[in-house]
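A.B. asks: So here's my_file-v5.txt, just compact mmCIF, C-alpha atoms and all ligand atoms:
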```
# COMPACT_ATOMS: atom_id res chain seq x y z
CA MET A 221 -9.86 -0.76 2.51
CA ARG A 222 -10.83 2.10 0.30
CA THR A 223 -12.92 3.68 3.04
CA PHE A 224 -9.98 3.30 5.38
CA CYS A 225 -7.63 5.02 2.93
CA ARG A 226 -10.15 7.83 2.55
CA GLN A 227 -10.56 8.63 6.24
CA SER A 228 -8.98 12.00 5.57
CA ARG A 229 -7.88 13.66 2.37
CA VAL A 230 -4.46 14.51 3.80
CA LEU A 231 -2.46 12.01 5.84
CA ILE A 232 0.75 13.27 7.42
CA VAL A 233 3.11 10.43 8.22
CA ALA A 234 5.30 11.36 11.19
CA GLY A 235 7.64 9.71 13.69
CA LYS A 236 11.18 9.54 15.04
CA GLY A 237 14.10 9.72 12.59
CA GLY A 238 14.77 6.49 10.74
CA VAL A 239 11.72 4.51 11.92
CA GLY A 240 10.48 4.06 8.36
CA LYS A 241 8.23 7.08 7.69
CA THR A 242 9.23 7.33 4.04
CA THR A 243 8.88 3.58 3.55
CA MET A 244 5.41 3.63 5.12
CA VAL A 245 4.39 6.59 2.94
CA ALA A 246 5.30 4.44 -0.06
CA ALA A 247 3.41 1.43 1.34
CA ILE A 248 0.26 3.44 2.12
CA ALA A 249 0.42 5.09 -1.32
CA HIS A 250 0.70 1.67 -2.91
CA LEU A 251 -2.23 0.31 -0.89
CA ALA A 252 -4.44 3.32 -1.63
CA ALA A 253 -3.65 3.16 -5.36
CA ARG A 254 -4.50 -0.56 -5.37
CA THR A 255 -7.96 0.32 -4.11
CA GLY A 256 -8.38 2.66 -7.07
CA LEU A 257 -7.62 5.97 -5.35
CA SER A 258 -5.50 8.70 -6.86
CA VAL A 259 -2.56 9.46 -4.61
CA LEU A 260 -0.16 12.36 -4.36
CA VAL A 261 2.94 11.90 -2.21
CA VAL A 262 4.48 15.11 -0.93
CA GLU A 263 8.16 15.01 0.03
CA LEU A 264 9.43 17.98 2.00
CA GLU A 265 13.12 17.34 1.89
CA GLY A 266 13.59 16.21 -1.68
CA ARG A 267 14.83 12.75 -0.71
CA THR A 268 14.56 9.80 -3.05
CA GLY A 269 13.26 7.10 -0.67
CA VAL A 270 9.67 7.08 -1.91
CA ALA A 271 10.70 6.99 -5.56
CA SER A 272 13.18 4.16 -5.06
CA ALA A 273 10.61 2.03 -3.21
CA PHE A 274 8.58 2.22 -6.41
CA GLY A 275 11.65 1.34 -8.43
CA HIS A 276 12.48 4.83 -9.73
CA ALA A 277 15.98 6.20 -9.43
CA VAL A 278 15.25 9.86 -10.21
CA PRO A 279 14.92 12.42 -7.44
CA LEU A 280 11.50 14.04 -7.17
CA GLY A 281 11.06 17.55 -8.43
CA TYR A 282 8.65 20.35 -7.74
CA ALA A 283 6.74 19.44 -10.88
CA GLY A 284 6.43 15.85 -9.68
CA SER A 285 6.60 12.48 -11.36
CA VAL A 286 4.42 9.40 -11.68
CA LEU A 287 5.62 6.56 -9.46
CA LEU A 288 2.87 4.08 -10.22
CA ALA A 289 0.68 4.32 -13.29
CA ALA A 290 -2.91 3.19 -13.19
CA GLY A 291 -3.26 -0.27 -14.66
CA ALA A 292 -7.01 -0.09 -15.03
CA GLU A 293 -9.66 2.37 -15.99
CA PRO A 294 -11.04 4.57 -13.23
CA VAL A 295 -12.69 2.54 -10.48
CA ASP A 296 -15.46 4.26 -8.59
CA ASP A 297 -17.31 1.67 -6.63
CA ASP A 298 -18.36 3.79 -3.72
CA GLY A 299 -20.71 5.88 -5.81
CA GLU A 300 -19.60 9.08 -4.10
CA GLY A 301 -18.72 10.88 -7.29
CA GLY A 302 -17.15 13.82 -5.49
CA ASP A 303 -16.10 17.25 -6.72
CA ASP A 304 -14.93 17.81 -10.24
CA PRO A 305 -11.18 17.34 -9.76
CA GLY A 306 -10.21 19.61 -12.66
CA PRO A 307 -7.68 19.19 -15.46
CA SER A 308 -4.62 18.49 -13.27
CA ALA A 309 -6.39 15.60 -11.54
CA ILE A 310 -4.39 12.44 -10.93
CA ARG A 311 -5.92 9.36 -12.48
CA PRO A 312 -7.45 6.79 -10.13
CA GLY A 313 -4.98 4.05 -9.20
CA THR A 314 -2.01 6.33 -9.86
CA VAL A 315 0.66 7.49 -7.44
CA ARG A 316 2.36 10.78 -8.18
CA ALA A 317 5.02 12.34 -6.02
CA ARG A 318 6.46 15.83 -5.77
CA THR A 319 8.45 17.97 -3.40
CA ILE A 320 7.29 21.18 -1.80
CA THR A 321 9.93 23.61 -0.59
CA PRO A 322 9.14 26.89 1.19
CA ASP A 323 10.81 29.00 -1.51
CA ASP A 324 8.91 27.40 -4.36
CA ALA A 325 5.70 27.59 -2.35
CA LEU A 326 6.23 31.33 -1.78
CA VAL A 327 6.98 32.02 -5.43
CA GLU A 328 3.87 30.11 -6.38
CA TYR A 329 1.77 31.89 -3.76
CA LEU A 330 2.88 35.30 -5.05
CA ALA A 331 2.34 34.23 -8.66
CA ASP A 332 -1.17 33.03 -7.83
CA HIS A 333 -1.84 36.44 -6.28
CA GLY A 334 -0.75 38.37 -9.37
CA LEU A 335 2.82 39.05 -8.21
CA LYS A 336 4.78 36.73 -10.48
CA ARG A 337 7.37 39.26 -11.59
CA VAL A 338 7.84 40.60 -8.08
CA SER A 339 8.41 37.11 -6.75
CA LYS A 340 11.20 36.43 -9.24
CA ARG A 341 12.92 39.65 -8.25
CA LEU A 342 12.49 38.88 -4.57
CA MET A 343 14.03 35.46 -5.08
CA SER A 344 17.07 36.78 -6.90
CA SER A 345 17.65 39.55 -4.36
CA GLY A 346 17.46 37.13 -1.44
CA ILE A 347 14.68 39.10 0.26
CA ILE A 348 12.75 35.91 0.78
CA ASP A 349 15.27 34.69 3.33
CA LEU A 350 14.96 38.03 5.10
CA VAL A 351 11.19 37.73 5.23
CA ALA A 352 11.41 34.15 6.47
CA GLY A 353 13.85 35.24 9.16
CA ALA A 354 11.57 38.07 10.26
CA ILE A 355 8.42 35.95 10.47
CA PRO A 356 9.17 32.74 12.35
CA GLY A 357 7.13 29.85 11.08
CA ILE A 358 6.33 31.42 7.72
CA ARG A 359 8.23 28.72 5.83
CA ASP A 360 6.19 25.95 7.46
CA VAL A 361 2.95 27.80 6.86
CA LEU A 362 3.86 28.32 3.21
CA VAL A 363 4.48 24.60 2.74
CA LEU A 364 1.33 23.55 4.59
CA GLY A 365 -0.56 26.29 2.76
CA LYS A 366 0.47 24.63 -0.48
CA VAL A 367 -0.65 21.23 0.88
CA LYS A 368 -3.97 22.84 1.79
CA GLN A 369 -4.31 24.28 -1.72
CA ILE A 370 -3.65 20.84 -3.24
CA GLU A 371 -6.21 19.29 -0.88
CA ARG A 372 -8.80 21.90 -1.82
CA SER A 373 -8.13 21.46 -5.54
CA GLY A 374 -9.29 17.84 -5.28
CA MET A 375 -6.52 16.71 -7.65
CA ALA A 376 -5.92 13.57 -5.56
CA ASP A 377 -8.14 11.42 -3.35
CA LEU A 378 -5.30 11.06 -0.87
CA VAL A 379 -2.40 13.44 -0.25
CA LEU A 380 0.36 11.74 1.75
CA VAL A 381 2.89 14.00 3.42
CA ASP A 382 6.25 12.53 4.39
CA ALA A 383 6.85 14.65 7.50
CA PRO A 384 10.23 15.52 8.99
CA ALA A 385 11.42 13.62 12.09
CA THR A 386 9.43 14.22 15.29
CA GLY A 387 11.01 17.35 16.85
CA HIS A 388 11.01 19.23 13.58
CA ALA A 389 7.56 17.88 12.69
CA MET A 390 6.13 19.35 15.88
CA THR A 391 7.45 22.81 14.98
CA PHE A 392 6.35 22.32 11.40
CA LEU A 393 2.78 21.50 12.42
CA SER A 394 2.41 24.05 15.21
CA SER A 395 3.79 27.06 13.31
CA ALA A 396 0.41 28.00 11.86
CA ARG A 397 -1.17 28.29 15.30
CA GLY A 398 1.77 30.42 16.46
CA LEU A 399 1.42 32.76 13.49
CA LEU A 400 -2.30 33.00 14.02
CA ASP A 401 -1.64 34.33 17.50
CA ALA A 402 1.02 36.74 16.24
CA ALA A 403 -0.51 38.17 13.06
CA ARG A 404 -3.61 40.30 13.53
CA GLY A 405 -4.55 40.56 9.89
CA GLY A 406 -3.38 40.36 6.31
CA PRO A 407 -2.48 37.51 4.00
CA VAL A 408 -0.16 35.81 6.49
CA ARG A 409 -2.98 35.48 8.99
CA THR A 410 -5.37 34.24 6.32
CA GLN A 411 -2.90 31.60 5.21
CA ALA A 412 -2.20 30.53 8.81
CA ALA A 413 -5.91 30.37 9.63
CA GLU A 414 -6.55 28.17 6.62
CA VAL A 415 -3.74 25.83 7.64
CA VAL A 416 -5.14 25.62 11.19
CA ASP A 417 -8.56 24.83 9.71
CA LEU A 418 -7.03 22.02 7.67
CA LEU A 419 -5.12 20.56 10.62
CA SER A 420 -8.08 20.67 12.98
CA ASP A 421 -10.59 18.98 10.70
CA PRO A 422 -10.26 15.17 11.01
CA GLU A 423 -12.08 14.63 7.74
CA ARG A 424 -9.50 16.71 5.91
CA CYS A 425 -6.31 15.86 7.74
CA GLN A 426 -4.90 13.26 10.13
CA VAL A 427 -1.47 12.22 11.32
CA ALA A 428 -0.29 8.61 11.26
CA LEU A 429 2.60 8.02 13.64
CA VAL A 430 5.21 5.44 12.70
CA THR A 431 7.28 3.70 15.34
CA LEU A 432 9.34 0.55 15.94
CA PRO A 433 8.58 -2.10 18.59
CA GLU A 434 11.52 -0.87 20.68
CA GLU A 435 11.72 1.13 23.89
CA MET A 436 12.90 4.57 22.70
CA PRO A 437 10.77 4.76 19.55
CA VAL A 438 7.70 3.70 21.57
CA ASN A 439 8.42 6.38 24.20
CA GLU A 440 8.74 9.00 21.48
CA ALA A 441 5.59 7.90 19.73
CA ILE A 442 3.56 8.16 22.94
CA GLU A 443 4.94 11.60 23.71
CA ALA A 444 4.45 12.81 20.14
CA ALA A 445 0.86 11.59 20.09
CA PHE A 446 -0.10 13.63 23.13
CA GLN A 447 1.76 16.72 21.90
CA LEU A 448 0.15 16.50 18.47
CA GLU A 449 -3.29 16.38 19.99
CA ASP A 450 -2.64 19.12 22.55
CA LYS A 451 -0.42 21.57 20.67
CA VAL A 452 -1.50 21.04 17.09
CA GLY A 453 -5.04 19.80 17.61
CA VAL A 454 -4.69 17.31 14.77
CA ALA A 455 -6.51 13.97 14.75
CA LEU A 456 -4.43 10.83 14.96
CA GLY A 457 -4.98 7.82 12.73
CA PRO A 458 -3.69 4.36 13.63
CA VAL A 459 -0.11 4.05 14.77
CA ILE A 460 2.04 2.03 12.39
CA VAL A 461 4.49 -0.27 14.12
CA ASN A 462 7.14 -0.92 11.50
CA GLY A 463 9.95 -3.46 11.66
CA CYS A 464 8.10 -6.16 13.61
CA TYR A 465 9.99 -9.43 13.55
CA PRO A 466 7.65 -12.19 12.41
CA GLU A 467 7.03 -14.92 14.94
CA VAL A 468 8.97 -18.12 14.32
CA ASP A 469 7.53 -21.45 15.40
CA GLY A 470 9.54 -23.91 17.48
CA LEU A 471 11.75 -21.42 19.31
CA ALA A 472 11.01 -23.13 22.62
CA VAL A 473 13.16 -26.12 21.62
CA THR A 474 16.94 -25.63 21.83
CA ALA A 475 19.01 -26.24 18.70
CA ALA A 476 20.59 -29.33 20.29
CA GLY A 477 17.13 -30.59 21.25
CA ALA A 478 15.83 -30.06 17.72
CA VAL A 479 18.82 -31.95 16.26
CA ALA A 480 18.18 -34.84 18.64
CA LEU A 481 14.48 -34.89 17.80
CA ALA A 482 15.20 -34.93 14.07
CA ARG A 483 17.80 -37.69 14.53
CA VAL A 484 20.28 -36.06 12.20
CA THR A 485 24.00 -35.52 12.52
CA VAL A 486 25.00 -31.88 12.48
CA GLY A 487 28.39 -30.26 13.17
CA ASP A 488 28.88 -28.45 16.51
CA ASP A 489 29.48 -25.12 14.77
CA LEU A 490 26.11 -25.24 13.08
CA VAL A 491 24.36 -26.25 16.28
CA SER A 492 25.89 -23.33 18.18
CA SER A 493 25.04 -20.88 15.36
CA LEU A 494 21.44 -22.11 15.35
CA GLU A 495 21.30 -21.83 19.11
CA ALA A 496 22.60 -18.23 18.99
CA ALA A 497 19.97 -17.42 16.35
CA ARG A 498 17.25 -19.06 18.45
CA ARG A 499 18.25 -17.03 21.52
CA PHE A 500 18.36 -13.80 19.52
CA ARG A 501 14.89 -14.36 18.09
CA THR A 502 13.48 -15.36 21.49
CA THR A 503 14.88 -12.26 23.19
CA ARG A 504 13.79 -10.05 20.34
CA ALA A 505 10.26 -11.49 20.39
CA ASP A 506 10.00 -10.93 24.16
CA LEU A 507 11.18 -7.32 23.87
CA GLN A 508 8.90 -6.67 20.93
CA ASN A 509 5.83 -8.08 22.68
CA GLU A 510 6.60 -6.08 25.80
CA GLN A 511 6.86 -2.84 23.80
CA LEU A 512 3.77 -3.54 21.70
CA GLU A 513 1.80 -4.14 24.86
CA ARG A 514 3.13 -0.97 26.48
CA LEU A 515 2.27 1.03 23.38
CA GLY A 516 -1.24 -0.40 23.40
CA ASN A 517 -1.69 0.40 27.10
CA GLN A 518 -0.39 3.95 26.93
CA LEU A 519 -1.74 5.01 23.55
CA PRO A 520 -5.39 4.25 22.87
CA LEU A 521 -4.89 4.06 19.11
CA ALA A 522 -5.31 1.15 16.71
CA GLN A 523 -2.01 -0.48 15.72
CA LEU A 524 -1.04 -1.57 12.24
CA ARG A 525 1.93 -3.92 12.44
CA VAL A 526 4.33 -4.17 9.55
CA PRO A 527 7.07 -6.81 9.32
CA PHE A 528 10.79 -6.23 9.28
CA LEU A 529 12.01 -7.38 5.87
CA PHE A 530 15.37 -9.02 5.56
CA ALA A 531 16.24 -7.25 2.33
CA ASP A 532 19.13 -5.07 1.19
CA ALA A 533 16.79 -2.27 0.21
CA ILE A 534 13.09 -1.57 -0.12
CA GLY A 535 12.07 -1.90 -3.77
CA PRO A 536 8.84 -2.77 -5.58
CA SER A 537 8.67 -6.40 -4.41
CA GLU A 538 9.24 -5.39 -0.76
CA LEU A 539 6.62 -2.69 -1.23
CA ASP A 540 4.08 -5.35 -2.22
CA ILE A 541 4.75 -7.21 1.03
CA LEU A 542 4.57 -4.06 3.15
CA SER A 543 1.32 -2.86 1.61
CA ASP A 544 -0.16 -6.37 1.99
CA ALA A 545 0.79 -6.24 5.66
CA LEU A 546 -0.94 -2.89 6.04
CA ALA A 547 -4.00 -4.28 4.27
CA ASN A 548 -4.05 -7.26 6.64
CA GLY A 549 -3.72 -4.92 9.59
CA VAL A 550 -6.62 -2.81 8.36
CA ALA A 551 -8.74 -5.92 7.79
CA ALA A 552 -7.93 -7.10 11.32
CA LEU A 553 -9.08 -3.77 12.77
CA HIS A 554 -12.49 -4.28 11.22
CA ASP A 555 -12.76 -8.02 11.64
CA PRO A 556 -10.31 -9.24 14.29
CA ALA A 557 -11.28 -12.89 13.75
CA GLY A 558 -11.16 -12.94 9.96
CA ALA A 559 -7.74 -11.49 9.11
CA SER A 560 -4.91 -13.74 8.00
CA PRO A 561 -2.03 -13.87 10.52
N1 LIG B 601 9.90 -2.90 7.29
C1 LIG B 601 11.16 -2.72 6.96
N2 LIG B 601 12.00 -3.77 6.80
C2 LIG B 601 13.29 -3.59 6.48
N3 LIG B 601 13.86 -2.39 6.29
C3 LIG B 601 13.09 -1.29 6.44
C4 LIG B 601 11.71 -1.39 6.77
N4 LIG B 601 11.20 -0.14 6.84
C5 LIG B 601 12.23 0.70 6.57
N5 LIG B 601 13.36 0.02 6.32
C6 LIG B 601 14.68 0.59 6.00
O1 LIG B 601 15.06 1.40 7.11
C7 LIG B 601 15.70 2.57 6.67
C8 LIG B 601 14.97 3.79 7.20
O2 LIG B 601 13.69 3.83 6.59
P1 LIG B 601 13.06 5.21 6.08
O3 LIG B 601 14.00 5.97 5.24
O4 LIG B 601 11.72 4.90 5.53
O5 LIG B 601 12.91 5.94 7.51
P2 LIG B 601 12.52 7.46 7.78
O6 LIG B 601 11.75 7.45 9.06
O7 LIG B 601 11.85 8.05 6.60
O8 LIG B 601 13.94 8.11 7.99
P3 LIG B 601 14.29 9.68 8.06
O9 LIG B 601 13.87 10.14 9.44
O10 LIG B 601 15.76 9.71 7.85
O11 LIG B 601 13.51 10.36 6.97
C9 LIG B 601 15.74 2.50 5.16
O12 LIG B 601 16.98 1.99 4.78
C10 LIG B 601 14.63 1.55 4.81
O13 LIG B 601 14.88 0.88 3.59
MG MG B 602 12.30 9.75 5.46
```
If you convert what's in this file into C-alpha cells, what do you get?

C.D. replies:
Amino acid sequence: MRTFCRQSRVLIVAGKGGVGKTTMVAAIAHLAARTGLSVLVVELEGRTGVASAFGHAVPLGYAGSVLLAAGAEPVDDDGEGGDDPGPSAIRPGTVRARTITPDDALVEYLADHGLKRVSKRLMSSGIIDLVAGAIPGIRDVLVLGKVKQIERSGMADLVLVDAPATGHAMTFLSSARGLLDAARGGPVRTQAAEVVDLLSDPERCQVALVTLPEEMPVNEAIEAAFQLEDKVGVALGPVIVNGCYPEVDGLAVTAAGAVALARVTVGDDLVSSLEAARRFRTTRADLQNEQLERLGNQLPLAQLRVPFLFADAIGPSELDILSDALANGVAALHDPAGASP
C-alpha cells in the first residue's frame, strides 16, 4: 500500500466537475497517512471540501493547517531513508493541507529571489494582473512552480493536488509547455522548463483521473486521459471510479415473489415501494456494469472502484470507508484473488 502511495511524489487528482475529485483527494490522503507517509494536500481554489471530510470546518489558508495528526511515531519500514526533509517537514502519518493561489505564489517567488519589497509594491499597484494578462499561462506556471518547489523540498512524501475540473485542468497543466515554446530565455522560461520536467517524470508526478460509472463522465475520462498523455505528457495512475453502487443480492426475485417466499403478510404499498427500489437498483447495476466495462475496454488503466455512500455529507467516518475501499482496490490490483469484495 505504501509503495502504491509512493508511486510518484506528486499526484494530481483530476476529472469532470462534481465527480468527487476533492473527496478522493481526502480519501487518498487518509490512506497514505495510514501507511505512515507524510501528506500535503494542495487546494487551488480555496474550497473547504478536503478539510470538512477530515472533520474540520475552517477554510484552508496559504499557511496551511493540519487535517490529520500522526497518531504514532515515525514509521519507516521500507528502509529507504530518503533526503533530509528539512525543518518544515511534515511528520509521517500526518495530513496537512494548504491553498496555492497564483498571486501568493508570485509574491513568494519574488521574495525567494530577493525582491520581497518590490513584490509588495507590485501587488498593491495591481501590476501583477497586468503581467498575468500579458503572459498567458503565467498564473498556472506560478502555481505549478510552487508545487514543484514543495516537491523538491521533500517536506512531504506525497503531495496531492486537487485539480480544477477537466477543461480548466487541461489548460492548467499544458500552460508550461506553451510558455516554454513562447519564452526564449529568462526566469519565466526556467520556471516553465522546471514545471515541464516535473510533469513529464512519472516518478515525480502522475495524474489520477476520477470518474463516475455513468456515460458522460466515462466519455470525459477517456478523452481527458488521451489529451493528458498527448498534450501534457504526464503519466496516468489508476482511474478512480467513484460513486459505484454496491451490488445487492437477491435482486432477481420480484418484491411480490420475495414476500411469497418468506410467507409474510405485507401491505400493497410496501410491496410496490420495494419493487420500485428493486427495479431502480437492477437498472442502475446494469448501466454501471456497462460503463465500467466500456471504460476498461477503451482506457487501458487499472480501475479503483469506490462505493457511493448514502450519507448526507462526507465526514471522517465516511472517509474511513472510502479509504478502505481504495485500499481494497489497490490490494486487488496486486492480488486479484486475495482482495475482499
Ligand atoms: N462516494 C461518494 N458517496 C457519496 N457522496 C459522494 C461520494 N463522493 C463524493 N460525494 C459527494 O458528491 C459531491 C461532489 O463531490 P466533490 O466535491 O468531491 O466533487 P469535485 O469533483 O471535487 O467537485 P468540483 O468539480 O465542484 O470541485 C459532494 O457533495 C460529495 O460529498
Ligand atoms: Mg472539488

A.B. asks: Set the cut-off to 10 Å, count only C-alpha atoms and all ligand atoms, and list whatever residues fall near ligand LIG 601 (chain B) as a CSV table (one decimal) with C-alpha atoms, in the coordinates of the input.

C.D. replies:
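Generated file (out39.csv):
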```csv
chain,number,residue,atom,x,y,z
A,233,VAL,CA,3.1,10.4,8.2
A,234,ALA,CA,5.3,11.4,11.2
A,235,GLY,CA,7.6,9.7,13.7
A,236,LYS,CA,11.2,9.5,15.0
A,237,GLY,CA,14.1,9.7,12.6
A,238,GLY,CA,14.8,6.5,10.7
A,239,VAL,CA,11.7,4.5,11.9
A,240,GLY,CA,10.5,4.1,8.4
A,241,LYS,CA,8.2,7.1,7.7
A,242,THR,CA,9.2,7.3,4.0
A,243,THR,CA,8.9,3.6,3.6
A,244,MET,CA,5.4,3.6,5.1
A,245,VAL,CA,4.4,6.6,2.9
A,246,ALA,CA,5.3,4.4,-0.1
A,247,ALA,CA,3.4,1.4,1.3
A,263,GLU,CA,8.2,15.0,0.0
A,264,LEU,CA,9.4,18.0,2.0
A,265,GLU,CA,13.1,17.3,1.9
A,267,ARG,CA,14.8,12.8,-0.7
A,268,THR,CA,14.6,9.8,-3.0
A,269,GLY,CA,13.3,7.1,-0.7
A,270,VAL,CA,9.7,7.1,-1.9
A,272,SER,CA,13.2,4.2,-5.1
A,273,ALA,CA,10.6,2.0,-3.2
A,382,ASP,CA,6.2,12.5,4.4
A,383,ALA,CA,6.8,14.6,7.5
A,384,PRO,CA,10.2,15.5,9.0
A,385,ALA,CA,11.4,13.6,12.1
A,386,THR,CA,9.4,14.2,15.3
A,430,VAL,CA,5.2,5.4,12.7
A,431,THR,CA,7.3,3.7,15.3
A,432,LEU,CA,9.3,0.6,15.9
A,461,VAL,CA,4.5,-0.3,14.1
A,462,ASN,CA,7.1,-0.9,11.5
A,463,GLY,CA,10.0,-3.5,11.7
A,464,CYS,CA,8.1,-6.2,13.6
A,465,TYR,CA,10.0,-9.4,13.6
A,525,ARG,CA,1.9,-3.9,12.4
A,526,VAL,CA,4.3,-4.2,9.6
A,527,PRO,CA,7.1,-6.8,9.3
A,528,PHE,CA,10.8,-6.2,9.3
A,529,LEU,CA,12.0,-7.4,5.9
A,530,PHE,CA,15.4,-9.0,5.6
A,531,ALA,CA,16.2,-7.2,2.3
A,532,ASP,CA,19.1,-5.1,1.2
A,533,ALA,CA,16.8,-2.3,0.2
A,534,ILE,CA,13.1,-1.6,-0.1
A,535,GLY,CA,12.1,-1.9,-3.8
A,538,GLU,CA,9.2,-5.4,-0.8
A,539,LEU,CA,6.6,-2.7,-1.2
A,541,ILE,CA,4.8,-7.2,1.0
A,542,LEU,CA,4.6,-4.1,3.2
A,545,ALA,CA,0.8,-6.2,5.7
```

A.B. asks: Find the residue from A:Leu471, A:Leu519, A:Met375, A:Val459 that sits nearest to Thr502 (chain A); use all atoms listed in the file when measuring.

C.D. replies: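 Looking only at the distances to Thr502 (chain A), the closest residue turns out to be A:Leu471.
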
A.B. asks: Hey, can you check how far CA of Ala505 (chain A) sits from CA of Val479 (chain A)?

C.D. replies: 22.6 Å

A.B. asks: Between A:Thr223, A:Gly487, A:Asp469, A:Leu481, which one has atoms that come closest to His554 (chain A), using all atoms listed in the file?

C.D. replies: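 Going through A:Thr223, A:Gly487, A:Asp469, A:Leu481 one by one, the smallest distance to His554 (chain A) is for A:Thr223.
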
A.B. asks: I'd like the interatomic distance between CA of Ala249 (chain A) and CA of Ile442 (chain A), to a tenth of an Å.

C.D. replies: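 Distance reported for this atom pair: 24.7 Å.
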
A.B. asks: Using all atoms listed in the file, which of the listed residues (A:Leu418, A:Ala497, A:Leu448, A:Val327) sits closest to Ala475 (chain A)?

C.D. replies: A:Ala497

A.B. asks: Counting all atoms listed in the file, which of A:Val454, A:Ala428, A:Asn439, A:Gln508 gets nearest to Leu521 (chain A)?

C.D. replies: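 Nearest to Leu521 (chain A): A:Ala428.
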
A.B. asks: Between A:Ala389, A:Val491, A:Ile358, A:Leu288, single out the one closest to ligand MG 602 (chain B), counting all atoms listed in the file.

C.D. replies: A:Ala389

A.B. asks: How would you write as a ChimeraX atom specification the residues that get within 10 Å of (-4.4, 17.4, 16.7) in the file's frame, counting all atoms listed in the file?

C.D. replies: /A:393-394,416,419-422,425-427,445-456

A.B. asks: Could you tell me how far CA of Val486 (chain A) lies from CA of Pro466 (chain A), in Å and to one decimal?

C.D. replies: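 Distance between the two atoms: 26.2 Å.
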
A.B. asks: Given the choices A:Val262, A:Asp488, A:Asp417, A:Gly365, which gets closest to ligand MG 602 (chain B) if the distance is worked out from all atoms listed in the file?

C.D. replies: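 With all atoms listed in the file as the atom set, the closest residue is A:Val262.
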
A.B. asks: Assuming the input is short of atoms at region 362-373 of chain A, produce N, CA and C atoms for that part as an mmCIF file, in the coordinates of the input.

C.D. replies:
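The new file result.cif reads:
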```
data_model
loop_
_atom_site.group_PDB
_atom_site.id
_atom_site.type_symbol
_atom_site.label_atom_id
_atom_site.label_comp_id
_atom_site.auth_asym_id
_atom_site.auth_seq_id
_atom_site.Cartn_x
_atom_site.Cartn_y
_atom_site.Cartn_z
ATOM 1 N N LEU A 362 3.894 28.296 4.676
ATOM 2 C CA LEU A 362 3.860 28.320 3.210
ATOM 3 C C LEU A 362 3.726 26.904 2.655
ATOM 4 N N VAL A 363 4.513 25.997 3.225
ATOM 5 C CA VAL A 363 4.480 24.600 2.740
ATOM 6 C C VAL A 363 3.117 23.976 3.024
ATOM 7 N N LEU A 364 2.636 24.136 4.267
ATOM 8 C CA LEU A 364 1.330 23.550 4.590
ATOM 9 C C LEU A 364 0.205 24.263 3.848
ATOM 10 N N GLY A 365 0.423 25.550 3.562
ATOM 11 C CA GLY A 365 -0.560 26.290 2.760
ATOM 12 C C GLY A 365 -0.680 25.691 1.372
ATOM 13 N N LYS A 366 0.466 25.270 0.853
ATOM 14 C CA LYS A 366 0.470 24.630 -0.480
ATOM 15 C C LYS A 366 -0.241 23.266 -0.398
ATOM 16 N N VAL A 367 0.024 22.525 0.686
ATOM 17 C CA VAL A 367 -0.650 21.230 0.880
ATOM 18 C C VAL A 367 -2.165 21.462 0.932
ATOM 19 N N LYS A 368 -2.546 22.504 1.669
ATOM 20 C CA LYS A 368 -3.970 22.840 1.790
ATOM 21 C C LYS A 368 -4.564 23.157 0.419
ATOM 22 N N GLN A 369 -3.794 23.919 -0.397
ATOM 23 C CA GLN A 369 -4.310 24.280 -1.720
ATOM 24 C C GLN A 369 -4.495 23.027 -2.585
ATOM 25 N N ILE A 370 -3.543 22.092 -2.484
ATOM 26 C CA ILE A 370 -3.650 20.840 -3.240
ATOM 27 C C ILE A 370 -4.875 20.057 -2.765
ATOM 28 N N GLU A 371 -5.060 20.020 -1.448
ATOM 29 C CA GLU A 371 -6.210 19.290 -0.880
ATOM 30 C C GLU A 371 -7.514 19.886 -1.396
ATOM 31 N N ARG A 372 -7.564 21.225 -1.386
ATOM 32 C CA ARG A 372 -8.800 21.900 -1.820
ATOM 33 C C ARG A 372 -9.054 21.703 -3.314
ATOM 34 N N SER A 373 -7.964 21.577 -4.089
ATOM 35 C CA SER A 373 -8.130 21.460 -5.540
ATOM 36 C C SER A 373 -8.763 20.115 -5.910
#
```
